[in-house]
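A quick write-up on the structure given underneath.
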Protein chains: 2
Amino acid sequence: MTHLPLQIAGIGHYLPQQQISSSDLATRLELTDDWIAAKTGVHTRHYANLAQGETTVGMGVAAAHMALNHAGIRADQLDVIVAAATGAEQLIPCTAVLLQHALGAPEGQSICFDVNATCMSFLVGLHLVAAQVAAGVYQTALIVASEIASTSLNPHEPESAALFGDAAAAVVLRRTPTGSASAICHTRFATYSSGSAYIVGLGGGTRHHPNDPATTPEMNMFHMEGPRAYLQVFRTLPPFLDTFFAEAGWQREDLAAVVPHQASQHGLDLLTQRLGFRVEQVVSNLATRGNTVAASIPLALSEAVHAGRIRRGDRLALIGAGAGLTLGAMALVY
Amino acid sequence: MTHLPLQIAGIGHYLPQQQISSSDLATRLELTDDWIAAKTGVHTRHYANLAQGETTVGMGVAAAHMALNHAGIRADQLDVIVAAATGAEQLIPCTAVLLQHALGAPEGQSICFDVNATCMSFLVGLHLVAAQVAAGVYQTALIVASEIASTSLNPHEPESAALFGDAAAAVVLRRTPTGSASAICHTRFATYSSGSAYIVGLGGGTRHHPNDPATTPEMNMFHMEGPRAYLQVFRTLPPFLDTFFAEAGWQREDLAAVVPHQASQHGLDLLTQRLGFRVEQVVSNLATRGNTVAASIPLALSEAVHAGRIRRGDRLALIGAGAGLTLGAMALVY
């Protein structure tokens, strides 16, 4: 247990204008609505329109503005800006630098860097920055998870093509003000790299350079061996969570809400069928958002906070599993 | 000043077999040796041969083995593995996961993630992990900076095409053992995003997807407006370093060595001509390695340590400027 007196002072999100229903997608992918619903649990998802400014940075800035407004913090108060996501805007410079610029945050006053742990990027970014803010190195951190998965989906892999959506979410992290119980109480991560070939994007890096004639379009698309990935989570997540709760000194029934990564309906069902949570504890927006990669957890948290479902003082667990396989869990008092 | 009782317990590096002299390159780029020497200060650099295993991960593993051997640490003792670089092996999963797998580090025992702050990635990764190890969250961290720039160079931009080389370097970070003076004494970063268009790789992300027909080969290559980037460093680095040394409570003359990012000969000359360091303090391998992006600082440090130039107890400053523009400086007792 590593109690840090920190507070998510503000949280926000952005969803692209364009909504793609499963019936739209069924036509494109030559499937039926029912097949998509049964395989993914997703009924509609949002796809970014880059030409209308819904870029990784554009969506991230919109989410950041909402988080800053919610916190009552101005961009010129930020001393750390983190882009925590699988996908970057471009190779160089890192996305966080472009966020500083687009937010109009004064240059020279903040450090900007990107963190990537695939779907767990937001949790890892929050974990890394939390230690720095707790130590007093920085005062006010912005962590932005903005993901555009839609342009990397493979229509010949309908299960993953129907699962993902685009979104951005952001939080402002500060020390807990006097009189508030907010805290990050415990965090645990573990990577199981025997699963590193189950969920892949082979391109987009040095191994299969975009300009290499041997790089195929399929390499630049997402590939998921869903059943194998699910089986690995099924085996590793229960003991991981038992250890996490024992270390945190928390009981599952203490939680006002569990905010999981919206991996898939099968993944969410694990929480109630095998991991000991009650249905009413589990926050889910999978049906209308899809799996939004690293934006998934902070998006679900932001929607629950702004809907009044999660309130100051609530005990929460943020839980997820992402490509790697990397498991992550954070216990916090909102 | 944020004194952390941490030690670089081991350090290592890997250089690709293939050396490219400036006369080789002069022929390819239709230039002269003299032009290359005058513009870059680089006489020879190493280029990775991916087909022979010199991939981002392959080179990173070689550097990591050297660092682990130097530290007397086994891969099964690692509880954090960080890939700190501009370039990833592939889009998904992150490079650190692939390093866990390739190192044979037992899965489930370490957390793996990537950090990207372009040329400052290694310093930022070390900074982030240091806070966690100092707080006792993790015990033994491996930070790997492995960079393959050669495949993204644009032959029509000879100044940058002649400047860069490929390399990997790695460190093992642990708490300082009793009786040693080793410490990370102070760290400072600042991002100046008005320079975000001076050093770019526009492709490789969501903005210009590799499969988008509008993405050109040039977008997937490195582009640098050298004089503008240099001018921004020239203006921002002196006051940044003055603040850094004042915060650290150190004098420039106290340093046994300054290990700078090997940005270019003009960049290195700033250190002695404008920033107050003596020529004999400055570690440089630019002439034979080129600018190896995020691997540059740990590579220069590793070569200096293994050559006996830097010894336990020496006061060092690691200093650099990278695309962003992001400035970074770390004061440590090796």
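Residues in the structure tokens are numbered from 1 in each chain, the chains being A, B, ... in the order shown, and ligands are numbered from 1 in the order shown.
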Would you kindly report the residues of chain A within 6 Å of chain B, using only C-alpha atoms, as a compact mmCIF listing (two decimals) with C-alpha atoms, in the first residue's frame?
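As written to disk, result_36.txt reads:
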```txt
# COMPACT_ATOMS: atom_id res chain seq x y z
CA ALA A 88 0.77 9.14 -31.35
CA GLU A 89 -0.13 12.06 -33.58
CA GLN A 90 3.16 11.67 -35.46
CA LEU A 91 6.62 10.14 -34.98
CA ILE A 92 8.38 13.37 -33.88
CA PRO A 93 7.92 15.24 -31.63
CA CYS A 94 5.92 13.36 -29.01
CA VAL A 97 4.59 18.59 -26.93
CA HIS A 101 1.29 24.03 -28.14
CA GLU A 107 6.37 27.07 -23.11
CA GLY A 108 9.24 26.52 -20.72
CA SER A 110 5.99 22.35 -18.31
CA ILE A 111 7.68 19.08 -19.17
CA PHE A 113 6.34 13.40 -22.64
CA ASP A 114 4.39 10.37 -23.88
CA VAL A 115 3.79 7.09 -22.05
CA ASN A 116 2.71 3.93 -23.86
CA ALA A 117 1.56 0.75 -22.19
CA PHE A 189 0.85 -3.65 -12.66
CA ALA A 190 2.24 -6.82 -14.22
CA THR A 191 3.24 -7.70 -17.77
CA TYR A 192 2.90 -11.24 -19.16
CA SER A 193 4.81 -11.11 -22.41
CA VAL A 200 -0.51 -6.68 -32.29
CA GLY A 201 0.08 -3.86 -34.69
CA LEU A 202 3.21 -5.07 -36.47
CA GLY A 203 3.79 -1.92 -38.50
CA GLY A 204 4.19 1.67 -37.39
CA GLY A 205 7.68 1.12 -35.98
CA THR A 206 11.25 0.36 -36.97
CA ARG A 207 10.63 -3.33 -37.67
CA PRO A 210 6.16 2.54 -43.60
CA ASN A 211 8.59 3.13 -46.49
CA PRO A 217 -1.15 -2.71 -45.46
CA ALA A 323 -1.98 -5.81 -25.13
CA GLY A 324 1.25 -7.12 -23.74
```
All helix (DSSP H, G or I) positions in segment 193-312 of chain B, as a VMD selection string: chain B and resid 193 to 195 217 to 220 226 to 248 252 to 254 265 to 273 279 to 281 286 to 289 293 to 306
Taking the backbone alone, and naming residues the way the document does, which bits of segment 26-183 of chain B are strand (DSSP E) by DSSP, as a PyMOL selection string? chain B and resi 44-47+80-84+111-116+141-147+167-175+183
Take the selection from the previous step and output its residues with C-alpha atoms, as a PDB file, in the first residue's frame.
```pdb
ATOM      1  CA  THR B  44      31.692   7.565 -39.025  1.00  0.00           C
ATOM      2  CA  ARG B  45      28.438   6.163 -37.634  1.00  0.00           C
ATOM      3  CA  HIS B  46      26.845   2.715 -37.238  1.00  0.00           C
ATOM      4  CA  TYR B  47      23.765   1.554 -39.154  1.00  0.00           C
ATOM      5  CA  VAL B  80      10.356  -2.487 -14.093  1.00  0.00           C
ATOM      6  CA  ILE B  81      11.419  -2.520 -17.746  1.00  0.00           C
ATOM      7  CA  VAL B  82      11.244   0.794 -19.607  1.00  0.00           C
ATOM      8  CA  ALA B  83      11.885   1.360 -23.293  1.00  0.00           C
ATOM      9  CA  ALA B  84      12.834   5.022 -23.513  1.00  0.00           C
ATOM     10  CA  ILE B 111       5.785  -3.821 -15.348  1.00  0.00           C
ATOM     11  CA  CYS B 112       6.748  -2.842 -18.894  1.00  0.00           C
ATOM     12  CA  PHE B 113       6.078   0.500 -20.585  1.00  0.00           C
ATOM     13  CA  ASP B 114       7.564   2.940 -23.099  1.00  0.00           C
ATOM     14  CA  VAL B 115       8.455   6.580 -22.540  1.00  0.00           C
ATOM     15  CA  ASN B 116       8.955   9.003 -25.417  1.00  0.00           C
ATOM     16  CA  ALA B 141      14.645  -0.995 -12.930  1.00  0.00           C
ATOM     17  CA  LEU B 142      16.009  -1.508 -16.421  1.00  0.00           C
ATOM     18  CA  ILE B 143      15.854   1.480 -18.770  1.00  0.00           C
ATOM     19  CA  VAL B 144      16.690   0.770 -22.395  1.00  0.00           C
ATOM     20  CA  ALA B 145      17.165   3.369 -25.136  1.00  0.00           C
ATOM     21  CA  SER B 146      17.428   1.658 -28.521  1.00  0.00           C
ATOM     22  CA  GLU B 147      17.179   3.769 -31.649  1.00  0.00           C
ATOM     23  CA  ALA B 167      22.760   2.451 -31.226  1.00  0.00           C
ATOM     24  CA  ALA B 168      21.285   1.128 -28.010  1.00  0.00           C
ATOM     25  CA  ALA B 169      22.217   1.732 -24.387  1.00  0.00           C
ATOM     26  CA  ALA B 170      20.761   0.562 -21.089  1.00  0.00           C
ATOM     27  CA  VAL B 171      21.093   1.138 -17.364  1.00  0.00           C
ATOM     28  CA  VAL B 172      20.062  -0.799 -14.262  1.00  0.00           C
ATOM     29  CA  LEU B 173      18.838   1.502 -11.493  1.00  0.00           C
ATOM     30  CA  ARG B 174      18.700   0.439  -7.830  1.00  0.00           C
ATOM     31  CA  ARG B 175      18.884   1.993  -4.377  1.00  0.00           C
ATOM     32  CA  ALA B 183      22.703   9.642  -5.903  1.00  0.00           C
TER      33      ALA B 183
END
```
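Omitting Phe234 of chain B and its sequence neighbours fewer than 6 positions away, and counting only C-alpha atoms, the residues within 10 Å are B:Arg228, B:Gly267, B:Leu270, B:Arg274, B:Leu275.
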Store the residues of this selection in a file with C-alpha atoms, as a PDB file, in the first residue's frame.
```pdb
ATOM      1  CA  ARG B 228      16.129  27.295 -36.318  1.00  0.00           C
ATOM      2  CA  GLY B 267      25.563  21.880 -30.209  1.00  0.00           C
ATOM      3  CA  LEU B 270      27.902  25.604 -27.111  1.00  0.00           C
ATOM      4  CA  ARG B 274      28.799  29.666 -24.047  1.00  0.00           C
ATOM      5  CA  LEU B 275      27.715  27.415 -21.179  1.00  0.00           C
TER       6      LEU B 275
END
```
Show which residues sit within 8 Å of Cys185 of chain A, as a PyMOL selection string. Count only C-alpha atoms, and ignore same-chain residues fewer than 5 positions away. chain A and resi 1-4+248+330-333
Mind dumping the selected residues with C-alpha atoms as an mmCIF file, in the first residue's frame?
```cif
data_model
loop_
_atom_site.group_PDB
_atom_site.id
_atom_site.type_symbol
_atom_site.label_atom_id
_atom_site.label_comp_id
_atom_site.auth_asym_id
_atom_site.auth_seq_id
_atom_site.Cartn_x
_atom_site.Cartn_y
_atom_site.Cartn_z
ATOM 1 C CA MET A 1 0.000 0.000 0.000
ATOM 2 C CA THR A 2 1.383 3.339 -1.091
ATOM 3 C CA HIS A 3 -1.077 6.029 0.019
ATOM 4 C CA LEU A 4 -0.530 9.218 -1.994
ATOM 5 C CA ALA A 248 -4.330 -2.353 -0.695
ATOM 6 C CA MET A 330 -5.462 1.318 -9.046
ATOM 7 C CA ALA A 331 -7.361 1.862 -5.794
ATOM 8 C CA LEU A 332 -8.322 5.456 -5.181
ATOM 9 C CA VAL A 333 -10.630 7.659 -3.199
#
```
If we count only C-alpha atoms, what is near Arg309 of chain B at a cut-off of 12 Å, once residues fewer than 2 positions away on the same chain are taken out, given as an NGL selection string? :B and (256-259 or 280-284 or 300-307 or 311-312 or 314 or 316 or 334)
Rounded to one decimal place, report the atom CA of Val133 of chain A-atom CA of Arg315 of chain A distance in Å.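 Those two atoms sit 20.8 Å apart.
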Between atom CA of Glu159 of chain A and atom CA of Pro298 of chain A, what is the distance in Å, rounded to a tenth? 23.7 Å
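Closest to Val233 of chain A among A:Leu286, A:Ile20, A:Ala321, A:Met66 is A:Ala321, based on only C-alpha atoms.
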Enter the distance from atom CA of Met59 of chain A to atom CA of Leu15 of chain A, in Å, rounded to one decimal.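 Atom CA of Met59 of chain A sits 7.7 Å away from atom CA of Leu15 of chain A.
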